[in-house]
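Student: After the structure tokens below, expect a handful of questions from me.
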Amino acid sequence: MAATLHTDRWMEIALFWFHPDTLEEQTREVIDRLKPLWETIDGDQGLVFDISGMRYDCVTEWTGNPGQTLPLPPQGPFAEWLDKSYENVKQLFEMLRHKAADAGLSNFKIAVMGMGVGDVEDHDGTIYQFACPFFSRHREIFANIIGLPPHIDLTAKMNADDYPYAAQPGGATQDQTFGPLFAKQFGSFCRYFNLDGYVLRDGAVTTMVYRRWSHYGGHLPGGQNTSRIWTDKVIEMINGMKNAAPATKIIGYSSAASSVGEWRVGAFDIERCVAESALDAWIDQSWAGAWQDFWSWDHLGWTFQLANILSRRAFIEAGNRKRKGRPPCRHYVLTDIWCGWEPWDTIHNVPQKLRWGIWAFHHAAVRTPDGLVTPDGTYIAWVSARAGDLVSDDDVTFLRTELDAAVASAAAMDDVHGPSMTLNRSLLDWLSENHEEWNASEWVDDHTAWLMKWGVPCLSATRGEWLDKVETEGLIAQAPGHVGAVEQAERERRLDTGEPVVMTGRADLIDPAHLHRAGVRAEGELAPRRFYKAWTDETQTTLVPRVKISLDVTQPVAADEDVTVGCMAESGPLLVRKGQTAWWQPGDWHDPGMPLLKICQVGSYHPIRQCAAWMQDMAKAAGFIHIDPLDEPHTAAIHAWHSGGKLHILLGNLETGNTGDARLPRHVKLFVPATIGGGTALRDIASDEMVEPDGQDGSFVSYSLVIPPEGSRVLKES
């Protein structure tokens with residue numbers, strides 16, 4: 001079949017799935033099974049190998065001798081490869097290349113992955129139990145994160161050793177840092193394997209992994225612009241890798257949590273890295289099904305990953321616009337079907353949530369001065385499982401159907417509806433340079449993810465400095481302060497037009513003129529970090545359900561008499577609205593190192609639900625797509641776009657745990673402006689069921705929609 005989709009598609013597989021004595025049959029099986037997922041695309045058709053327990057060891061331990069035994073953990077699933085060599089792996093790679101060529105896959109590529117971690121062991125050793133030889137030699141350059149394996153500190157200096165590295169046979173020298181040594185090793189390793197790509201996986205470039213917590217803790221130390229120091233080291237390593245192996249694609253990998261936090265807590269500035277390094281691609285670690293529906297790490301779940309993809313792509317896009325002399329860094333979203341090591345199984349346990357993720361993540365759009373941009377490819381993890389399974393023909397059919405349809409729709413996007421998450425780079429720069437230790441409630445991706453749970457249809461992001469060149473349907477604005485004159489004027493103009501705007505963040509960091517539009521002003525001393533008692537109105541008579549809200553250090557505000565207060569705490573108003581403008585001081589994680597959404601993390605969901613309800617009301621007043629506000633336990637994700645001239649609606653019943661119960665159906669009343677396509681029936685593209693409009697209500701056409709338990713729907717204008 002001729003390639004038709006302009007996208008890349010990479011898939012993870014483990015070396016231990018293959019048996020050394022049946023490689024001929026198994027390589028043929030892999031190519032035949034996966035070919036349908038590659039044959040419709042004209043970009044990279046990639047297979048990414050775990051050849052040493054996901055660790056760096058396959059590179060760091062390489063001596064340049066093809067007969068060298070692989071550095072494998074003696075425990076676990078690699079038993080059949082323990083006496084095999086690098087040469088045996090190279091033979092496997094060559095077999096796959098020949099089979100792919102015979103199958104007509106002209107862009108077939110092979111990559112290897114490596115995590116920047118040390119010894120890995122779960123509490124009882126049933127999943128992970130292996131030691132890292134490099135870690136054993138150089139514990140001095142590994143940093144610790146609570147509850148996670150130690151990871152390499154790129155800023156730390158090594159002790160000398162006498163290991164016969166391929167690129168440095170005399171061993172590491174005293175005070176050498178890891179990046180330059182690894183880059184030289186990487187060059188030798190890639191040349192031997194003729195490697196097409198390398199994935200810098202978990203902890204390889206980010207100090208923050210899986211939560212808003214790093215080896216620095218929940219805040220950076222302050223006074224030294226730590227993110228500049230760390231990011232310089234990442235850039236040095238990546239550029240060294242590219243110089244050592246120019247033909248090998250270097251692919252980065254996110255921390256899984258907030259991209260704002262990745263910089264402000266994890267010290268890694270992806271925008272700078274893209275602008276100044278030879279990074280070829282970046283994977284958003286969007287394992288939403290694994291995190292939310294197996295491990296119950298809900299703050300890494302479905303809506304949080306969509307918000308992370310939006311914010312991270314906005315950083316990547318800005319970095320690409322500053323890049324000189326290199327192709328743009330490509331951006332991939334991850335489709336998690338199951339794990340090559342762990343026991344979760346998203347594709348079979350919650351397939352409709354996975355379907356929602358495929359459609360939502362591939363349509364995550366960034367509004368730029370040159371139009372919409374969406375993800376450049378997909379990273380499918382994994383196609384092999386520890387028990388010996390390979391994705392079935394039925395699995396492949398499901399993935400190909402949904403991925404191809406979603407990618408084609410995203411490529412033809414004409415417009416995306418709903419408010420845009422708006423990043424404020426100027427503020428983040430100012431914080432990094434002056435107060436890197438502050439928590440300024442700048443986590444706009446997390447805040448947006450919360451609002452999506454109550455139906456706010458945010459499917460786009462943009463940047464404050466682009467606002468004079470893009471059109472939006474409302475803004476979820478990251479603390480709009482410390483901006484230049486042009487941006488300041490454009491934000492004022494938008495407030496004058498009545499476009500819905502919700503400003504989030506600590507009030508003292510928001511421009512006073514903008515804050516005034518919401519009817520509040522910063523007043524008084526900063527309130528300390530703790531749980532605060534809260535009310536739904538200023539009379540302090542109506543208690544919020546679950547009445548304590550977790551706040552970090554907060555700037556109190558005073559509200560004008562003519563504003564509506566949505567939530568009031570002992571420290572002052574937390575949510576206020578005046579007309580089409582609102583200000584929200586979100587609650588913060590009580591424990592940012594905890595990956596669970598226990599109620600003790602935020603205290604109350606009421607302000608989030610109330611803010612979402614206000615956004616629906618403001619969208620209605622502005623003539624934009626909206627829904628009837630949802631009650632607190634009745635969460636639902638709603639997103640909308642135009643593709644090929646047709647309106648599309650994506651619905652998801654996603655929640656697991658405290659924020660809702662997806663095992664019950666959801667009922668949504670949707671209102672579509674007649675001017676953008678409302679009035680015709682919507683067709684469910686999976687079932688062909690037709691959803692007729694209820695009728696016209698003023699300038700809107702309404703639809704009564706049902707989302708099945710743990711279900712998703714893609715509706716298209718007929």
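Here's how to read the names in the structure tokens: chain A, B, ... by the order shown, residue numbers from 1 in each chain, ligand numbers from 1 in the order shown.
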Skipping near chain neighbours, those fewer than 4 positions away, what residues fall within 12 Å of Gly261 (chain A) using only C-alpha atoms, listed as a VMD selection string?
Tutor: chain A and resid 206 to 214 217 to 220 227 254 to 257 265 to 270 308 311 to 312 428 432 436 438 to 446 592 to 593
Student: Please produce an output containing N, CA and C atoms for each residue in the selection, written as a CSV table (one decimal), in the first residue's frame.
Tutor:
chain,number,residue,atom,x,y,z
A,206,THR,N,16.2,14.8,32.2
A,206,THR,CA,15.4,15.6,33.2
A,206,THR,C,15.7,15.1,34.6
A,207,THR,N,15.7,16.1,35.5
A,207,THR,CA,15.9,15.7,36.9
A,207,THR,C,14.6,15.4,37.6
A,208,MET,N,13.5,15.7,37.0
A,208,MET,CA,12.2,15.5,37.5
A,208,MET,C,11.6,14.3,36.8
A,209,VAL,N,11.1,13.3,37.5
A,209,VAL,CA,10.6,12.1,36.9
A,209,VAL,C,9.3,11.7,37.6
A,210,TYR,N,8.2,11.7,36.9
A,210,TYR,CA,6.9,11.2,37.3
A,210,TYR,C,6.1,12.1,38.3
A,211,ARG,N,6.6,13.1,38.8
A,211,ARG,CA,5.9,13.9,39.7
A,211,ARG,C,6.6,15.3,39.8
A,212,ARG,N,6.0,16.3,40.4
A,212,ARG,CA,6.6,17.6,40.5
A,212,ARG,C,7.6,17.6,41.6
A,213,TRP,N,8.6,16.8,41.5
A,213,TRP,CA,9.6,16.7,42.5
A,213,TRP,C,10.9,16.2,41.8
A,214,SER,N,12.0,16.7,42.2
A,214,SER,CA,13.3,16.3,41.6
A,214,SER,C,14.3,16.1,42.7
A,217,GLY,N,14.2,18.6,45.2
A,217,GLY,CA,13.1,18.6,46.0
A,217,GLY,C,11.9,19.2,45.3
A,218,GLY,N,11.0,19.9,46.0
A,218,GLY,CA,9.8,20.5,45.3
A,218,GLY,C,10.1,21.9,44.8
A,219,HIS,N,11.2,22.4,45.1
A,219,HIS,CA,11.6,23.8,44.7
A,219,HIS,C,13.1,23.7,44.2
A,220,LEU,N,13.5,24.6,43.4
A,220,LEU,CA,14.9,24.7,43.1
A,220,LEU,C,15.6,25.5,44.2
A,227,SER,N,18.4,26.0,36.5
A,227,SER,CA,17.9,25.5,35.2
A,227,SER,C,18.9,25.8,34.1
A,254,SER,N,10.2,12.9,28.0
A,254,SER,CA,9.7,13.9,29.0
A,254,SER,C,9.7,13.2,30.4
A,255,SER,N,9.5,14.0,31.4
A,255,SER,CA,9.5,13.5,32.8
A,255,SER,C,8.1,12.9,33.1
A,256,ALA,N,7.1,13.0,32.3
A,256,ALA,CA,5.7,12.5,32.4
A,256,ALA,C,4.9,13.5,33.1
A,257,ALA,N,5.4,14.4,33.9
A,257,ALA,CA,4.6,15.3,34.7
A,257,ALA,C,4.7,16.7,33.9
A,265,VAL,N,10.9,23.0,38.5
A,265,VAL,CA,11.3,22.2,39.6
A,265,VAL,C,12.4,21.2,39.1
A,266,GLY,N,12.3,20.8,37.9
A,266,GLY,CA,13.3,19.8,37.4
A,266,GLY,C,14.5,20.4,36.7
A,267,ALA,N,14.5,21.8,36.6
A,267,ALA,CA,15.7,22.5,36.1
A,267,ALA,C,16.0,22.3,34.6
A,268,PHE,N,15.1,21.6,33.9
A,268,PHE,CA,15.3,21.4,32.4
A,268,PHE,C,14.5,22.3,31.6
A,269,ASP,N,15.1,23.1,30.8
A,269,ASP,CA,14.4,24.1,29.9
A,269,ASP,C,14.4,23.5,28.5
A,270,ILE,N,13.3,22.8,28.1
A,270,ILE,CA,13.3,22.1,26.8
A,270,ILE,C,13.3,23.2,25.7
A,308,ASN,N,-0.1,18.4,29.4
A,308,ASN,CA,1.3,18.4,29.3
A,308,ASN,C,1.8,18.4,27.8
A,311,SER,N,1.4,22.1,26.5
A,311,SER,CA,2.3,23.0,27.0
A,311,SER,C,3.7,22.7,26.5
A,312,ARG,N,4.1,21.4,26.5
A,312,ARG,CA,5.4,21.0,26.0
A,312,ARG,C,5.6,21.4,24.6
A,428,LEU,N,8.3,33.1,33.4
A,428,LEU,CA,9.1,32.0,33.8
A,428,LEU,C,10.6,32.3,33.8
A,432,SER,N,13.0,32.3,37.0
A,432,SER,CA,14.2,31.5,37.0
A,432,SER,C,15.4,32.4,37.4
A,436,GLU,N,14.0,31.5,41.6
A,436,GLU,CA,13.7,30.1,41.2
A,436,GLU,C,13.2,29.2,42.3
A,438,TRP,N,10.7,30.0,44.2
A,438,TRP,CA,9.3,30.3,44.5
A,438,TRP,C,8.4,29.3,43.9
A,439,ASN,N,7.2,29.1,44.5
A,439,ASN,CA,6.1,28.4,43.9
A,439,ASN,C,5.1,29.6,43.7
A,440,ALA,N,4.9,29.9,42.4
A,440,ALA,CA,4.0,31.1,42.1
A,440,ALA,C,2.7,30.6,41.4
A,441,SER,N,2.3,29.4,41.7
A,441,SER,CA,1.1,28.8,41.1
A,441,SER,C,1.2,28.9,39.6
A,442,GLU,N,2.4,28.7,39.0
A,442,GLU,CA,2.6,28.9,37.6
A,442,GLU,C,2.3,27.6,36.8
A,443,TRP,N,1.7,26.6,37.5
A,443,TRP,CA,1.5,25.3,36.8
A,443,TRP,C,0.3,25.2,36.0
A,444,VAL,N,0.3,26.0,34.9
A,444,VAL,CA,-0.9,26.2,34.1
A,444,VAL,C,-1.3,24.9,33.4
A,445,ASP,N,-0.4,24.0,33.1
A,445,ASP,CA,-0.8,22.8,32.5
A,445,ASP,C,-1.6,21.9,33.4
A,446,ASP,N,-1.2,21.9,34.7
A,446,ASP,CA,-2.0,21.1,35.7
A,446,ASP,C,-3.3,21.8,35.9
A,592,PRO,N,3.8,17.6,46.6
A,592,PRO,CA,4.1,17.5,45.2
A,592,PRO,C,4.9,16.3,44.9
A,593,GLY,N,5.5,15.6,45.9
A,593,GLY,CA,6.2,14.4,45.6
A,593,GLY,C,5.3,13.2,45.6
Student: Within 10 Å of Asp562 (chain A), counting only C-alpha atoms, which residues show up once you throw out same-chain ones fewer than 2 positions away? Write them as a PDB file with N, CA and C atoms, in the first residue's frame, please.
Tutor:
ATOM      1  N   GLY A 519     -11.618  42.434  38.857  1.00  0.00           N
ATOM      2  CA  GLY A 519     -12.244  43.024  40.035  1.00  0.00           C
ATOM      3  C   GLY A 519     -11.518  42.772  41.330  1.00  0.00           C
ATOM      4  N   ALA A 559     -11.420  42.149  46.900  1.00  0.00           N
ATOM      5  CA  ALA A 559     -12.326  42.121  45.755  1.00  0.00           C
ATOM      6  C   ALA A 559     -13.218  43.358  45.744  1.00  0.00           C
ATOM      7  N   ASP A 560     -13.515  43.865  44.533  1.00  0.00           N
ATOM      8  CA  ASP A 560     -14.462  44.965  44.387  1.00  0.00           C
ATOM      9  C   ASP A 560     -15.867  44.491  44.766  1.00  0.00           C
ATOM     10  N   THR A 564     -18.289  38.685  41.397  1.00  0.00           N
ATOM     11  CA  THR A 564     -18.844  37.437  41.907  1.00  0.00           C
ATOM     12  C   THR A 564     -17.705  36.612  42.484  1.00  0.00           C
ATOM     13  N   VAL A 565     -17.870  36.162  43.699  1.00  0.00           N
ATOM     14  CA  VAL A 565     -16.851  35.348  44.361  1.00  0.00           C
ATOM     15  C   VAL A 565     -17.276  33.889  44.286  1.00  0.00           C
ATOM     16  N   ARG A 577     -14.904  36.676  39.626  1.00  0.00           N
ATOM     17  CA  ARG A 577     -15.256  36.946  38.220  1.00  0.00           C
ATOM     18  C   ARG A 577     -15.911  38.308  38.113  1.00  0.00           C
ATOM     19  N   LYS A 578     -15.527  38.989  37.040  1.00  0.00           N
ATOM     20  CA  LYS A 578     -16.186  40.242  36.694  1.00  0.00           C
ATOM     21  C   LYS A 578     -16.426  40.213  35.190  1.00  0.00           C
ATOM     22  N   GLY A 579     -17.663  40.008  34.793  1.00  0.00           N
ATOM     23  CA  GLY A 579     -17.986  39.919  33.374  1.00  0.00           C
ATOM     24  C   GLY A 579     -17.333  38.713  32.726  1.00  0.00           C
TER      25      GLY A 579
END
Student: Would you mind writing down, as a PyMOL selection string, each residue of region 33-160 of chain A that DSSP on the backbone assigns to strand (DSSP E or B)?
Tutor: chain A and resi 41+45-50+55+69+85+108-115+117+120-121+129-130+142-145+148-152
Student: Please provide the set of residues having any atom within 6 Å of Ser286 (chain A), restricted to only C-alpha atoms, with same-chain residues fewer than 2 positions apart removed, written as number ranges by chain.
Tutor: A: 284, 288, 305, 334
Student: Using C-alpha atoms, can you write the selected residues to a file as a compact mmCIF listing (two decimals), in the first residue's frame?
Tutor:
# COMPACT_ATOMS: atom_id res chain seq x y z
CA ASP A 284 5.87 13.15 25.52
CA ALA A 288 -2.04 7.94 30.78
CA GLN A 305 -1.16 14.17 29.76
CA LEU A 334 3.08 8.20 23.24
Student: Please list as a short mmCIF file (atom, residue, chain, number, x, y, z; two decimals) with all heavy atoms, in the first residue's frame every residue within 7 Å of region 449-454 of chain A, counting only C-alpha atoms and excluding residues in the same chain fewer than 6 positions away.
Tutor:
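To be explicit, this is the file written out as around.cif:
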data_model
loop_
_atom_site.label_atom_id
_atom_site.label_comp_id
_atom_site.auth_asym_id
_atom_site.auth_seq_id
_atom_site.Cartn_x
_atom_site.Cartn_y
_atom_site.Cartn_z
N THR A 303 -6.32 13.57 31.24
CA THR A 303 -6.38 15.01 30.95
C THR A 303 -5.06 15.69 31.30
O THR A 303 -4.66 16.66 30.64
CB THR A 303 -7.53 15.70 31.70
OG1 THR A 303 -7.35 15.55 33.12
CG2 THR A 303 -8.87 15.10 31.29
N PHE A 304 -4.35 15.18 32.32
CA PHE A 304 -3.06 15.77 32.64
C PHE A 304 -2.06 15.56 31.50
O PHE A 304 -1.28 16.46 31.17
CB PHE A 304 -2.52 15.19 33.95
CG PHE A 304 -3.18 15.76 35.17
CD1 PHE A 304 -4.19 15.07 35.81
CD2 PHE A 304 -2.82 17.00 35.65
CE1 PHE A 304 -4.82 15.60 36.92
CE2 PHE A 304 -3.44 17.55 36.76
CZ PHE A 304 -4.45 16.83 37.40
N ALA A 307 -2.84 18.02 28.70
CA ALA A 307 -2.35 19.36 29.04
C ALA A 307 -0.84 19.44 28.94
O ALA A 307 -0.28 20.44 28.47
CB ALA A 307 -2.82 19.75 30.43
N ILE A 608 -12.39 24.31 41.30
CA ILE A 608 -12.12 23.87 39.93
C ILE A 608 -13.42 23.74 39.16
O ILE A 608 -13.57 24.26 38.05
CB ILE A 608 -11.37 22.53 39.93
CG1 ILE A 608 -10.09 22.61 40.76
CG2 ILE A 608 -11.08 22.07 38.51
CD1 ILE A 608 -9.50 21.26 41.12
N ARG A 609 -14.38 23.04 39.76
CA ARG A 609 -15.66 22.85 39.09
C ARG A 609 -16.36 24.19 38.87
O ARG A 609 -16.95 24.43 37.82
CB ARG A 609 -16.56 21.92 39.91
CG ARG A 609 -17.79 21.46 39.14
CD ARG A 609 -18.97 21.21 40.07
NE ARG A 609 -19.45 22.43 40.68
CZ ARG A 609 -20.29 23.29 40.11
NH1 ARG A 609 -20.75 23.08 38.88
NH2 ARG A 609 -20.68 24.38 40.74
N ALA A 612 -14.72 26.00 36.00
CA ALA A 612 -15.13 25.39 34.74
C ALA A 612 -16.54 25.83 34.36
O ALA A 612 -16.83 26.10 33.18
CB ALA A 612 -15.05 23.87 34.85
N LEU A 630 -21.29 20.85 34.48
CA LEU A 630 -21.40 19.52 35.06
C LEU A 630 -21.39 19.59 36.58
O LEU A 630 -20.70 20.43 37.16
CB LEU A 630 -20.24 18.65 34.58
CG LEU A 630 -20.13 18.44 33.07
CD1 LEU A 630 -18.78 17.81 32.72
CD2 LEU A 630 -21.26 17.58 32.55
N THR A 635 -17.90 14.18 35.97
CA THR A 635 -16.86 14.68 35.08
C THR A 635 -17.02 14.11 33.67
O THR A 635 -17.48 12.99 33.48
CB THR A 635 -15.48 14.30 35.62
OG1 THR A 635 -15.49 12.91 35.92
CG2 THR A 635 -15.15 15.08 36.88
N ALA A 636 -16.56 14.88 32.68
CA ALA A 636 -16.56 14.43 31.28
C ALA A 636 -15.62 15.33 30.49
O ALA A 636 -15.56 16.55 30.72
CB ALA A 636 -17.96 14.49 30.67
N ALA A 637 -14.88 14.74 29.58
CA ALA A 637 -13.96 15.51 28.73
C ALA A 637 -14.62 15.77 27.38
O ALA A 637 -15.11 14.84 26.73
CB ALA A 637 -12.66 14.75 28.54
#
Student: Which residues are near Leu70 (chain A)? Cut-off 7 Å, only C-alpha atoms, ignore same chain within fewer than 3 positions. Put them as an MDAnalysis selection string.
Tutor: chainID A and resid 82 84:86
Student: Please identify all polymer residues within 8 Å of Pro586 (chain A), counting only C-alpha atoms, omitting same-chain residues fewer than 4 positions from it, and present them as a list in words.
Tutor: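 In the requested format, the answer is Ser441, His447, Thr504, Gly505, Leu551, Leu574, Pro607 and Ile608 of chain A.
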Student: Using Å and a single decimal, report how far CA of Tyr198 (chain A) sits from CA of Lys249 (chain A).
Tutor: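 Here the two named atoms are 6.2 Å from each other.
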Student: Select from region 620-667 of chain A every residue with an atom at most 9 Å from any atom of region 290-300 of chain A, then for each give the shortest pair of atoms and their distance in Å to one decimal, using only C-alpha atoms, rows by chain and rising number, as CSV.
Tutor:
residue,atom,partner,partner_atom,distance
A:Glu655,CA,A:Gln292,CA,8.2
A:Thr656,CA,A:Asp293,CA,6.7
A:Gly657,CA,A:Ser296,CA,7.8
Student: List every residue of region 377-472 of chain A that DSSP, applied to the backbone of this structure, assigns to helix (DSSP H, G or I), and report them as a PyMOL selection string.
Tutor: chain A and resi 393-411+425-434+444-453+464-469
Student: Just want the 12 Å neighbourhood of Asp415 (chain A), counted on only C-alpha atoms, with same-chain residues fewer than 5 positions away dropped. Output as a ChimeraX atom specification.
Tutor: /A:363-367,371-374,409-410,459-460,470-473,640-648,676
Student: Using C-alpha atoms, can you write the selected residues to a file as a PDB file, in the first residue's frame?
Tutor:
ATOM      1  CA  HIS A 363      -5.110  16.746  17.857  1.00  0.00           C
ATOM      2  CA  ALA A 364      -3.319  18.694  20.598  1.00  0.00           C
ATOM      3  CA  ALA A 365      -2.684  21.923  18.697  1.00  0.00           C
ATOM      4  CA  VAL A 366      -0.445  24.918  19.245  1.00  0.00           C
ATOM      5  CA  ARG A 367      -1.619  28.222  17.797  1.00  0.00           C
ATOM      6  CA  GLY A 371      -1.015  28.537  11.908  1.00  0.00           C
ATOM      7  CA  LEU A 372      -1.794  25.376  13.859  1.00  0.00           C
ATOM      8  CA  VAL A 373       0.840  22.732  14.581  1.00  0.00           C
ATOM      9  CA  THR A 374       0.056  19.237  15.844  1.00  0.00           C
ATOM     10  CA  SER A 409      -7.889  14.298  10.821  1.00  0.00           C
ATOM     11  CA  ALA A 410      -5.189  16.257  12.667  1.00  0.00           C
ATOM     12  CA  LEU A 459      -7.417  21.544  22.861  1.00  0.00           C
ATOM     13  CA  SER A 460      -4.875  24.237  22.051  1.00  0.00           C
ATOM     14  CA  VAL A 470      -3.270  34.422  16.626  1.00  0.00           C
ATOM     15  CA  GLU A 471      -7.017  34.102  17.059  1.00  0.00           C
ATOM     16  CA  THR A 472      -8.380  32.299  20.115  1.00  0.00           C
ATOM     17  CA  GLU A 473     -11.712  31.465  21.734  1.00  0.00           C
ATOM     18  CA  ALA A 640     -13.932  20.083  19.399  1.00  0.00           C
ATOM     19  CA  TRP A 641     -12.244  20.987  16.143  1.00  0.00           C
ATOM     20  CA  HIS A 642     -12.906  21.444  12.431  1.00  0.00           C
ATOM     21  CA  SER A 643     -11.108  19.129  10.038  1.00  0.00           C
ATOM     22  CA  GLY A 644     -11.643  19.073   6.278  1.00  0.00           C
ATOM     23  CA  GLY A 645     -14.415  21.625   6.786  1.00  0.00           C
ATOM     24  CA  LYS A 646     -16.349  19.348   9.163  1.00  0.00           C
ATOM     25  CA  LEU A 647     -17.020  19.808  12.859  1.00  0.00           C
ATOM     26  CA  HIS A 648     -15.661  17.018  15.086  1.00  0.00           C
ATOM     27  CA  ILE A 676     -19.666  26.849  12.760  1.00  0.00           C
TER      28      ILE A 676
END
Student: So which one's closest to Pro169 (chain A), A:Ser52, A:Thr401, A:Thr63, A:Thr69? Using only C-alpha atoms, please.
Tutor: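 Residue with the minimum atom-to-atom distance to Pro169 (chain A): A:Thr63.
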Student: Quick one: which region 258-351 of chain A residues come within 9 Å of region 375-379 of chain A, and what is the nearest atom pair for each with the distance in Å to one decimal, counting only C-alpha atoms, rows ordered by chain and ascending number, as a Markdown table?
Tutor:
| residue | atom | partner | partner_atom | distance |
| --- | --- | --- | --- | --- |
| A:Ile283 | CA | A:Tyr379 | CA | 7.2 |
| A:Asp284 | CA | A:Tyr379 | CA | 8.8 |
| A:Ile309 | CA | A:Pro375 | CA | 8.9 |
| A:Arg313 | CA | A:Pro375 | CA | 7.9 |
| A:Arg330 | CA | A:Asp376 | CA | 5.8 |
| A:His331 | CA | A:Asp376 | CA | 5.3 |
| A:Tyr332 | CA | A:Gly377 | CA | 4.7 |
| A:Val333 | CA | A:Thr378 | CA | 5.2 |
| A:Leu334 | CA | A:Tyr379 | CA | 4.6 |
| A:Thr335 | CA | A:Tyr379 | CA | 6.1 |
| A:Asp336 | CA | A:Tyr379 | CA | 8.4 |
Student: Mind writing the picked residues with N, CA, C and O atoms as a short mmCIF file (atom, residue, chain, number, x, y, z; two decimals), in the first residue's frame?
Tutor:
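As written to disk, again.cif reads:
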data_model
loop_
_atom_site.label_atom_id
_atom_site.label_comp_id
_atom_site.auth_asym_id
_atom_site.auth_seq_id
_atom_site.Cartn_x
_atom_site.Cartn_y
_atom_site.Cartn_z
N ILE A 283 9.77 12.89 22.82
CA ILE A 283 8.60 12.07 23.12
C ILE A 283 7.94 12.60 24.39
O ILE A 283 8.60 12.74 25.42
N ASP A 284 6.64 12.87 24.31
CA ASP A 284 5.87 13.15 25.52
C ASP A 284 5.51 11.82 26.16
O ASP A 284 4.85 10.98 25.55
N ILE A 309 1.10 17.68 26.96
CA ILE A 309 1.44 17.68 25.53
C ILE A 309 1.28 19.08 24.95
O ILE A 309 2.13 19.57 24.19
N ARG A 313 4.57 21.13 23.75
CA ARG A 313 4.71 21.46 22.33
C ARG A 313 4.86 22.97 22.14
O ARG A 313 5.57 23.42 21.22
N ARG A 330 11.31 17.28 16.08
CA ARG A 330 9.99 16.70 15.93
C ARG A 330 9.41 16.33 17.30
O ARG A 330 10.15 16.08 18.26
N HIS A 331 8.08 16.30 17.36
CA HIS A 331 7.39 16.08 18.63
C HIS A 331 6.49 14.86 18.50
O HIS A 331 5.63 14.81 17.62
N TYR A 332 6.71 13.86 19.37
CA TYR A 332 5.93 12.63 19.32
C TYR A 332 5.07 12.50 20.58
O TYR A 332 5.50 12.86 21.68
N VAL A 333 3.87 11.95 20.41
CA VAL A 333 3.04 11.59 21.55
C VAL A 333 3.07 10.07 21.70
O VAL A 333 3.24 9.34 20.73
N LEU A 334 2.95 9.62 22.94
CA LEU A 334 3.08 8.20 23.24
C LEU A 334 1.71 7.55 23.33
O LEU A 334 0.80 8.08 23.97
N THR A 335 1.56 6.40 22.69
CA THR A 335 0.36 5.58 22.78
C THR A 335 0.70 4.35 23.61
O THR A 335 1.48 3.50 23.16
N ASP A 336 0.15 4.28 24.84
CA ASP A 336 0.56 3.19 25.74
C ASP A 336 -0.42 2.03 25.65
O ASP A 336 -1.55 2.12 26.12
#
Student: Just checking: using only C-alpha atoms, which residue out of A:Asp202, A:Asp394, A:Glu94, A:Glu402 ends up closest to Val117 (chain A)?
Tutor: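 Under the stated criterion, the closest residue is A:Asp202.
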Student: Do you have the CA of Arg323 (chain A)-CA of Trp230 (chain A) distance handy?
Tutor: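 Going from CA of Arg323 (chain A) over to CA of Trp230 (chain A) covers 19.6 Å.
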